[in-house]
$ cat target28.cif   # mmCIF, C-alpha atoms, pLDDT in the B column; chains and numbers go by the auth columns
data_my_file
#
loop_
_atom_site.group_PDB
_atom_site.id
_atom_site.type_symbol
_atom_site.label_atom_id
_atom_site.label_comp_id
_atom_site.label_asym_id
_atom_site.label_seq_id
_atom_site.Cartn_x
_atom_site.Cartn_y
_atom_site.Cartn_z
_atom_site.B_iso_or_equiv
_atom_site.auth_seq_id
_atom_site.auth_asym_id
ATOM 1 C CA MET A 1 -1.325 -10.715 1.973 97.00 1 A
ATOM 2 C CA LYS A 2 -1.017 -6.932 2.054 98.00 2 A
ATOM 3 C CA PHE A 3 2.018 -5.263 0.494 98.00 3 A
ATOM 4 C CA PHE A 4 3.624 -2.254 2.165 98.00 4 A
ATOM 5 C CA VAL A 5 6.669 -0.571 0.660 98.00 5 A
ATOM 6 C CA ASP A 6 9.552 0.246 2.986 96.00 6 A
ATOM 7 C CA THR A 7 10.795 3.611 1.767 95.00 7 A
ATOM 8 C CA ALA A 8 10.447 7.364 2.120 94.00 8 A
ATOM 9 C CA ASP A 9 11.089 8.002 -1.592 94.00 9 A
ATOM 10 C CA ILE A 10 7.968 9.837 -2.776 95.00 10 A
ATOM 11 C CA ALA A 11 8.588 9.094 -6.463 95.00 11 A
ATOM 12 C CA GLU A 12 8.874 5.356 -5.759 95.00 12 A
ATOM 13 C CA ILE A 13 5.728 5.391 -3.633 97.00 13 A
ATOM 14 C CA LYS A 14 3.718 7.219 -6.297 97.00 14 A
ATOM 15 C CA ASP A 15 4.880 4.832 -9.006 97.00 15 A
ATOM 16 C CA LEU A 16 3.993 1.729 -6.990 97.00 16 A
ATOM 17 C CA ALA A 17 0.701 3.181 -5.754 96.00 17 A
ATOM 18 C CA ALA A 18 -0.360 3.683 -9.378 96.00 18 A
ATOM 19 C CA THR A 19 -0.408 -0.124 -9.798 95.00 19 A
ATOM 20 C CA GLY A 20 -3.219 -0.470 -7.270 95.00 20 A
ATOM 21 C CA LEU A 21 -1.190 -3.184 -5.505 95.00 21 A
ATOM 22 C CA LEU A 22 0.244 -1.043 -2.713 97.00 22 A
ATOM 23 C CA ASP A 23 -1.580 -1.294 0.623 98.00 23 A
ATOM 24 C CA GLY A 24 0.601 0.924 2.795 98.00 24 A
ATOM 25 C CA VAL A 25 4.041 2.358 3.576 98.00 25 A
ATOM 26 C CA THR A 26 6.542 1.898 6.365 97.00 26 A
ATOM 27 C CA THR A 27 9.213 4.440 7.205 93.00 27 A
ATOM 28 C CA ASN A 28 11.864 4.800 9.896 87.00 28 A
ATOM 29 C CA PRO A 29 14.324 7.531 10.911 83.00 29 A
ATOM 30 C CA SER A 30 17.040 6.033 8.680 84.00 30 A
ATOM 31 C CA LEU A 31 14.824 6.083 5.584 87.00 31 A
ATOM 32 C CA ILE A 32 13.658 9.646 6.257 86.00 32 A
ATOM 33 C CA ALA A 33 17.261 10.772 6.748 85.00 33 A
ATOM 34 C CA LYS A 34 18.135 9.483 3.262 83.00 34 A
ATOM 35 C CA SER A 35 15.513 11.801 1.771 82.00 35 A
ATOM 36 C CA GLY A 36 17.300 14.840 3.196 85.00 36 A
ATOM 37 C CA ARG A 37 13.930 16.475 3.873 88.00 37 A
ATOM 38 C CA ASN A 38 11.891 17.496 6.903 91.00 38 A
ATOM 39 C CA PHE A 39 10.543 14.428 8.681 92.00 39 A
ATOM 40 C CA LEU A 40 6.997 15.675 9.254 94.00 40 A
ATOM 41 C CA GLU A 41 6.658 17.047 5.723 94.00 41 A
ATOM 42 C CA VAL A 42 7.732 13.743 4.163 94.00 42 A
ATOM 43 C CA VAL A 43 5.317 11.739 6.290 96.00 43 A
ATOM 44 C CA GLU A 44 2.432 14.079 5.478 96.00 44 A
ATOM 45 C CA GLU A 45 3.162 13.863 1.756 96.00 45 A
ATOM 46 C CA ILE A 46 3.254 10.057 1.871 97.00 46 A
ATOM 47 C CA CYS A 47 -0.114 10.021 3.650 97.00 47 A
ATOM 48 C CA GLY A 48 -1.529 12.008 0.777 96.00 48 A
ATOM 49 C CA VAL A 49 -0.308 9.472 -1.775 97.00 49 A
ATOM 50 C CA VAL A 50 -1.560 6.246 -0.179 97.00 50 A
ATOM 51 C CA ASP A 51 -4.857 5.515 1.543 95.00 51 A
ATOM 52 C CA GLY A 52 -3.515 2.649 3.652 98.00 52 A
ATOM 53 C CA PRO A 53 -1.464 2.764 6.856 98.00 53 A
ATOM 54 C CA VAL A 54 1.702 4.853 6.864 98.00 54 A
ATOM 55 C CA SER A 55 4.071 3.956 9.686 98.00 55 A
ATOM 56 C CA ALA A 56 5.890 6.927 11.228 97.00 56 A
ATOM 57 C CA GLU A 57 8.339 6.153 14.017 96.00 57 A
ATOM 58 C CA VAL A 58 8.858 7.967 17.300 97.00 58 A
ATOM 59 C CA THR A 59 12.424 8.841 18.272 95.00 59 A
ATOM 60 C CA ALA A 60 12.021 9.215 22.043 97.00 60 A
ATOM 61 C CA LEU A 61 13.073 6.393 24.366 97.00 61 A
ATOM 62 C CA GLU A 62 10.996 7.248 27.450 97.00 62 A
ATOM 63 C CA ALA A 63 7.277 6.511 27.581 97.00 63 A
ATOM 64 C CA ASP A 64 6.078 10.036 28.344 97.00 64 A
ATOM 65 C CA GLU A 65 8.036 11.532 25.455 98.00 65 A
ATOM 66 C CA MET A 66 7.051 8.655 23.161 98.00 66 A
ATOM 67 C CA LEU A 67 3.411 9.349 23.891 98.00 67 A
ATOM 68 C CA LYS A 68 3.795 13.070 23.126 98.00 68 A
ATOM 69 C CA GLU A 69 5.546 12.291 19.846 98.00 69 A
ATOM 70 C CA GLY A 70 3.023 9.598 18.978 98.00 70 A
ATOM 71 C CA ARG A 71 0.088 11.931 19.514 98.00 71 A
ATOM 72 C CA LYS A 72 1.733 14.584 17.338 98.00 72 A
ATOM 73 C CA LEU A 73 2.373 12.086 14.561 98.00 73 A
ATOM 74 C CA ALA A 74 -1.188 10.763 14.766 98.00 74 A
ATOM 75 C CA LYS A 75 -2.516 14.265 14.020 98.00 75 A
ATOM 76 C CA ILE A 76 -0.764 14.339 10.628 97.00 76 A
ATOM 77 C CA ALA A 77 -3.393 12.155 8.952 98.00 77 A
ATOM 78 C CA PRO A 78 -6.004 9.502 9.833 97.00 78 A
ATOM 79 C CA ASN A 79 -3.932 6.762 8.168 98.00 79 A
ATOM 80 C CA ILE A 80 -0.870 7.230 10.364 98.00 80 A
ATOM 81 C CA ALA A 81 0.318 4.164 12.267 98.00 81 A
ATOM 82 C CA VAL A 82 2.618 5.317 15.043 98.00 82 A
ATOM 83 C CA LYS A 83 5.689 3.117 15.133 98.00 83 A
ATOM 84 C CA VAL A 84 7.185 2.331 18.553 98.00 84 A
ATOM 85 C CA PRO A 85 10.062 0.028 19.555 98.00 85 A
ATOM 86 C CA LEU A 86 9.426 -3.208 21.405 98.00 86 A
ATOM 87 C CA THR A 87 10.542 -1.981 24.815 98.00 87 A
ATOM 88 C CA TRP A 88 8.541 -1.564 28.004 98.00 88 A
ATOM 89 C CA ALA A 89 8.211 2.133 27.214 98.00 89 A
ATOM 90 C CA GLY A 90 7.056 1.273 23.708 98.00 90 A
ATOM 91 C CA LEU A 91 4.497 -1.238 24.969 98.00 91 A
ATOM 92 C CA ARG A 92 3.139 1.270 27.471 98.00 92 A
ATOM 93 C CA THR A 93 2.857 3.870 24.709 98.00 93 A
ATOM 94 C CA CYS A 94 1.183 1.323 22.429 98.00 94 A
ATOM 95 C CA LYS A 95 -1.455 0.517 25.038 98.00 95 A
ATOM 96 C CA THR A 96 -2.319 4.191 25.522 98.00 96 A
ATOM 97 C CA LEU A 97 -2.362 5.139 21.837 98.00 97 A
ATOM 98 C CA THR A 98 -4.469 2.173 20.744 98.00 98 A
ATOM 99 C CA GLY A 99 -6.872 3.029 23.549 97.00 99 A
ATOM 100 C CA GLU A 100 -7.191 6.452 21.936 98.00 100 A
ATOM 101 C CA GLY A 101 -7.990 4.927 18.544 98.00 101 A
ATOM 102 C CA THR A 102 -4.557 5.343 16.945 98.00 102 A
ATOM 103 C CA MET A 103 -2.996 2.559 14.874 98.00 103 A
ATOM 104 C CA VAL A 104 0.311 1.379 16.319 98.00 104 A
ATOM 105 C CA ASN A 105 3.100 -0.617 14.677 98.00 105 A
ATOM 106 C CA VAL A 106 5.373 -2.232 17.266 98.00 106 A
ATOM 107 C CA THR A 107 8.752 -2.674 15.615 98.00 107 A
ATOM 108 C CA LEU A 108 12.098 -4.398 16.217 97.00 108 A
ATOM 109 C CA CYS A 109 10.491 -7.679 17.259 98.00 109 A
ATOM 110 C CA PHE A 110 12.862 -10.629 17.472 98.00 110 A
ATOM 111 C CA SER A 111 11.031 -13.183 19.630 98.00 111 A
ATOM 112 C CA ALA A 112 7.607 -14.767 19.994 98.00 112 A
ATOM 113 C CA ASN A 113 7.394 -13.597 23.616 98.00 113 A
ATOM 114 C CA GLN A 114 7.876 -10.008 22.468 98.00 114 A
ATOM 115 C CA ALA A 115 5.108 -10.476 19.891 98.00 115 A
ATOM 116 C CA LEU A 116 2.792 -11.854 22.569 98.00 116 A
ATOM 117 C CA LEU A 117 3.332 -8.756 24.710 98.00 117 A
ATOM 118 C CA ALA A 118 2.675 -6.463 21.749 98.00 118 A
ATOM 119 C CA ALA A 119 -0.622 -8.183 21.024 98.00 119 A
ATOM 120 C CA LYS A 120 -1.602 -7.895 24.690 98.00 120 A
ATOM 121 C CA ALA A 121 -0.815 -4.170 24.456 98.00 121 A
ATOM 122 C CA GLY A 122 -3.249 -3.874 21.551 98.00 122 A
ATOM 123 C CA ALA A 123 -0.767 -3.366 18.713 98.00 123 A
ATOM 124 C CA THR A 124 -2.300 -2.972 15.264 98.00 124 A
ATOM 125 C CA PHE A 125 0.834 -4.446 13.689 98.00 125 A
ATOM 126 C CA ILE A 126 3.800 -6.404 14.997 98.00 126 A
ATOM 127 C CA SER A 127 6.986 -6.160 12.925 98.00 127 A
ATOM 128 C CA PRO A 128 9.258 -9.211 13.237 98.00 128 A
ATOM 129 C CA PHE A 129 12.593 -8.559 11.493 97.00 129 A
ATOM 130 C CA ILE A 130 13.280 -11.598 9.325 96.00 130 A
ATOM 131 C CA GLY A 131 16.490 -10.538 7.604 95.00 131 A
ATOM 132 C CA ARG A 132 18.252 -9.386 10.755 95.00 132 A
ATOM 133 C CA LEU A 133 17.607 -12.773 12.386 95.00 133 A
ATOM 134 C CA ASP A 134 18.970 -14.517 9.304 93.00 134 A
ATOM 135 C CA ASP A 135 22.059 -12.298 9.597 93.00 135 A
ATOM 136 C CA ILE A 136 22.935 -13.886 12.949 95.00 136 A
ATOM 137 C CA ASN A 137 22.224 -17.440 11.754 93.00 137 A
ATOM 138 C CA LEU A 138 18.727 -17.697 13.215 93.00 138 A
ATOM 139 C CA ASP A 139 15.658 -18.594 11.163 95.00 139 A
ATOM 140 C CA GLY A 140 13.523 -15.503 10.684 95.00 140 A
ATOM 141 C CA MET A 141 10.704 -17.567 9.192 97.00 141 A
ATOM 142 C CA GLU A 142 10.540 -19.710 12.301 97.00 142 A
ATOM 143 C CA LEU A 143 9.621 -16.570 14.219 98.00 143 A
ATOM 144 C CA ILE A 144 6.784 -15.794 11.771 98.00 144 A
ATOM 145 C CA GLU A 145 5.475 -19.337 12.259 98.00 145 A
ATOM 146 C CA GLU A 146 5.625 -19.086 16.054 98.00 146 A
ATOM 147 C CA ILE A 147 3.826 -15.732 16.131 98.00 147 A
ATOM 148 C CA ARG A 148 1.123 -16.999 13.753 98.00 148 A
ATOM 149 C CA THR A 149 0.473 -19.986 16.036 98.00 149 A
ATOM 150 C CA ILE A 150 0.275 -17.854 19.188 98.00 150 A
ATOM 151 C CA TYR A 151 -1.981 -15.238 17.632 98.00 151 A
ATOM 152 C CA ASP A 152 -4.303 -17.913 16.243 98.00 152 A
ATOM 153 C CA ASN A 153 -4.401 -19.674 19.611 98.00 153 A
ATOM 154 C CA TYR A 154 -5.838 -16.576 21.282 98.00 154 A
ATOM 155 C CA ASP A 155 -7.591 -14.828 18.395 98.00 155 A
ATOM 156 C CA PHE A 156 -5.408 -11.732 18.653 98.00 156 A
ATOM 157 C CA ALA A 157 -6.334 -9.094 16.072 98.00 157 A
ATOM 158 C CA THR A 158 -2.735 -7.832 15.762 98.00 158 A
ATOM 159 C CA GLU A 159 -1.484 -8.253 12.193 98.00 159 A
ATOM 160 C CA ILE A 160 1.899 -9.861 11.525 98.00 160 A
ATOM 161 C CA LEU A 161 3.913 -7.427 9.414 98.00 161 A
ATOM 162 C CA ALA A 162 6.952 -9.292 8.104 98.00 162 A
ATOM 163 C CA ALA A 163 9.802 -6.771 7.992 97.00 163 A
ATOM 164 C CA SER A 164 13.506 -6.676 7.123 96.00 164 A
ATOM 165 C CA ILE A 165 12.637 -8.616 3.982 97.00 165 A
ATOM 166 C CA ARG A 166 15.559 -8.995 1.594 95.00 166 A
ATOM 167 C CA THR A 167 14.372 -11.324 -1.181 96.00 167 A
ATOM 168 C CA ALA A 168 11.357 -12.528 -3.142 96.00 168 A
ATOM 169 C CA ASN A 169 11.729 -15.880 -1.379 96.00 169 A
ATOM 170 C CA HIS A 170 11.276 -14.112 1.955 97.00 170 A
ATOM 171 C CA VAL A 171 7.935 -12.800 0.685 98.00 171 A
ATOM 172 C CA LYS A 172 6.807 -16.224 -0.532 98.00 172 A
ATOM 173 C CA GLU A 173 7.779 -17.981 2.691 98.00 173 A
ATOM 174 C CA ALA A 174 6.113 -15.314 4.846 98.00 174 A
ATOM 175 C CA ALA A 175 2.926 -15.667 2.784 98.00 175 A
ATOM 176 C CA LEU A 176 2.975 -19.463 3.128 98.00 176 A
ATOM 177 C CA LEU A 177 3.284 -19.121 6.899 98.00 177 A
ATOM 178 C CA GLY A 178 0.361 -16.707 7.104 98.00 178 A
ATOM 179 C CA ALA A 179 1.950 -13.295 7.641 98.00 179 A
ATOM 180 C CA ASP A 180 -0.730 -10.647 7.138 98.00 180 A
ATOM 181 C CA VAL A 181 1.573 -8.032 5.631 98.00 181 A
ATOM 182 C CA ALA A 182 4.991 -7.902 3.984 98.00 182 A
ATOM 183 C CA THR A 183 6.845 -4.613 3.951 98.00 183 A
ATOM 184 C CA VAL A 184 9.512 -4.653 1.275 97.00 184 A
ATOM 185 C CA PRO A 185 11.994 -2.372 -0.504 96.00 185 A
ATOM 186 C CA PRO A 186 10.708 -1.127 -3.877 96.00 186 A
ATOM 187 C CA ALA A 187 13.122 -3.337 -5.817 96.00 187 A
ATOM 188 C CA VAL A 188 11.934 -6.491 -4.042 97.00 188 A
ATOM 189 C CA LEU A 189 8.273 -5.623 -4.659 96.00 189 A
ATOM 190 C CA ARG A 190 8.934 -5.122 -8.364 95.00 190 A
ATOM 191 C CA GLY A 191 10.968 -8.314 -8.454 95.00 191 A
ATOM 192 C CA LEU A 192 7.952 -10.394 -7.453 96.00 192 A
ATOM 193 C CA ALA A 193 6.630 -10.085 -11.004 95.00 193 A
ATOM 194 C CA ALA A 194 9.914 -11.115 -12.631 94.00 194 A
ATOM 195 C CA HIS A 195 10.564 -14.594 -14.044 95.00 195 A
ATOM 196 C CA PRO A 196 12.911 -15.582 -16.908 95.00 196 A
ATOM 197 C CA LEU A 197 10.292 -17.887 -18.432 97.00 197 A
ATOM 198 C CA THR A 198 7.800 -15.024 -18.534 96.00 198 A
ATOM 199 C CA ASP A 199 10.374 -12.928 -20.399 95.00 199 A
ATOM 200 C CA LYS A 200 11.173 -15.792 -22.764 96.00 200 A
ATOM 201 C CA GLY A 201 7.506 -16.528 -23.463 97.00 201 A
ATOM 202 C CA LEU A 202 6.730 -12.867 -24.134 96.00 202 A
ATOM 203 C CA GLU A 203 9.678 -12.596 -26.490 96.00 203 A
ATOM 204 C CA GLN A 204 8.368 -15.582 -28.480 96.00 204 A
ATOM 205 C CA PHE A 205 4.807 -14.256 -28.556 96.00 205 A
ATOM 206 C CA MET A 206 5.987 -10.888 -29.854 95.00 206 A
ATOM 207 C CA ALA A 207 8.153 -12.489 -32.520 95.00 207 A
ATOM 208 C CA ASP A 208 5.241 -14.610 -33.745 94.00 208 A
ATOM 209 C CA TRP A 209 2.883 -11.605 -33.704 94.00 209 A
ATOM 210 C CA LYS A 210 5.314 -9.505 -35.733 94.00 210 A
ATOM 211 C CA LYS A 211 5.331 -12.160 -38.455 95.00 211 A
ATOM 212 C CA THR A 212 1.565 -11.736 -38.951 95.00 212 A
ATOM 213 C CA GLY A 213 1.941 -8.080 -39.872 95.00 213 A
ATOM 214 C CA GLN A 214 -1.220 -7.316 -37.909 95.00 214 A
ATOM 215 C CA LYS A 215 -2.074 -4.586 -35.363 94.00 215 A
ATOM 216 C CA ILE A 216 -4.691 -4.437 -32.636 95.00 216 A
ATOM 217 C CA LEU A 217 -4.932 -0.635 -32.731 94.00 217 A
#
$ encode --input "target28.cif" --output "structure tokens"
Amino acid sequence: MKFFVDTADIAEIKDLAATGLLDGVTTNPSLIAKSGRNFLEVVEEICGVVDGPVSAEVTALEADEMLKEGRKLAKIAPNIAVKVPLTWAGLRTCKTLTGEGTMVNVTLCFSANQALLAAKAGATFISPFIGRLDDINLDGMELIEEIRTIYDNYDFATEILAASIRTANHVKEAALLGADVATVPPAVLRGLAAHPLTDKGLEQFMADWKKTGQKIL
């Protein structure tokens, strides 16, 4: 599974990229707004930090304007994935941009039928929103499972990018169901390494080592 971080915080991205475990970044207008900086400048800087896909979202709602915005975003860097909403205008834009060789992330997916259309449109990534489905008492993981089955049935190359992830358990369950990518907040990504028994074991090891009076360096 690939790990993308869902943030526009440059310091966080740099810190996580230094681990070698970060495969890409997803952003949206809300995350960029929190930075208080120019949208295009932030996206360009992120592209310079990570080699993998960086999702930058269009803000237009009509296909013609979406396409203009998408083409402008694609010129920022070769690793830009233009992010479009799962609407008819977004699907039309996706089809055109992928035909031009641009990566496209189709976002705000909440049903298997929507995911099927995105794959038919040539999407590089489909972003089903797990947490938001859970919020309305639907099973977000069931959607991941349905999309995985459909994509495997027809050998679609579109990657399932599990989004709106809230917990470490979301990551585990998405991985078990075969999601290709998980995009997570920085805190959730860091939390994947945390376990109380790891902390307890390390504490014991260090206590025992101290008793020896030895040093490695």
$ closest_atom_pairs --input "target28.cif" --of "stretch 57-108 of chain A" --to "stretch 35-53 of chain A" --cutoff "12 Å" --atoms "only C-alpha atoms" --output "CSV"
residue,atom,partner,partner_atom,distance
A:Glu57,CA,A:Val43,CA,10.0
A:Val58,CA,A:Phe39,CA,10.9
A:Thr59,CA,A:Phe39,CA,11.3
A:Glu69,CA,A:Leu40,CA,11.2
A:Lys72,CA,A:Leu40,CA,9.7
A:Leu73,CA,A:Leu40,CA,7.9
A:Ala74,CA,A:Glu44,CA,10.5
A:Lys75,CA,A:Glu44,CA,9.9
A:Ile76,CA,A:Glu44,CA,6.1
A:Ala77,CA,A:Cys47,CA,6.6
A:Pro78,CA,A:Cys47,CA,8.6
A:Asn79,CA,A:Pro53,CA,4.9
A:Ile80,CA,A:Pro53,CA,5.7
A:Ala81,CA,A:Pro53,CA,5.9
A:Val82,CA,A:Pro53,CA,9.5
A:Lys83,CA,A:Pro53,CA,10.9
A:Thr102,CA,A:Pro53,CA,10.9
A:Met103,CA,A:Pro53,CA,8.2
A:Val104,CA,A:Pro53,CA,9.7
A:Asn105,CA,A:Pro53,CA,9.7
$ resolve_selection --input "target28.cif" --expression "the PyMOL selection byres ((chain A and resi 107) around 10)" --output "list in words"
Asn28, Glu57, Lys83, Val84, Pro85, Leu86, Thr87, Gly90, Val104, Asn105, Val106, Leu108, Cys109, Phe110, Ala115, Ala118, Phe125, Ile126, Ser127, Pro128, Phe129, Leu161 and Ala163 of chain A
$ resolve_selection --input "target28.cif" --expression "the PyMOL selection byres ((chain A and resi 160) around 12)" --output "ChimeraX atom specification"
/A:1-3,105-107,109,112,115-116,118-119,123-130,141,143-152,156-159,161-163,174-175,177-183
$ atom_distance --input "target28.cif" --atom1 "atom CA of A:Thr93" --atom2 "atom CA of A:Asp139"
29.2 Å
$ axis_aligned_box --input "target28.cif" --around "stretch 148-158 of chain A" --padding-each-side "5 Å" --output "lines of an AutoDock Vina configuration file"
center_x = -3.2
center_y = -13.9
center_z = 17.5
size_x = 18.7
size_y = 22.2
size_z = 17.5
$ closest_residue --input "target28.cif" --among "A:Asp23, A:Asp15, A:Asp155, A:Glu100" --to "A:Val184" --atoms "all atoms listed in the file"
A:Asp23
$ atom_distance --input "target28.cif" --atom1 "atom CA of A:Ala17" --atom2 "atom CA of A:Ser55"
15.8 Å
$ closest_residue --input "target28.cif" --among "A:Leu117, A:Leu202, A:Leu97, A:Leu189" --to "A:Leu22" --atoms "only C-alpha atoms"
A:Leu189
$ atom_distance --input "target28.cif" --atom1 "atom CA of A:Thr26" --atom2 "atom CA of A:Ala193"
21.1 Å
$ closest_residue --input "target28.cif" --among "A:His170, A:Lys210, A:Lys34, A:Arg92" --to "A:Val188" --atoms "all atoms listed in the file"
A:His170
$ resolve_selection --input "target28.cif" --expression "the PyMOL selection byres ((chain A and resi 167) around 10)" --output "PyMOL selection string"
chain A and resi 131+164-166+168-172+184-185+187-189+191-192
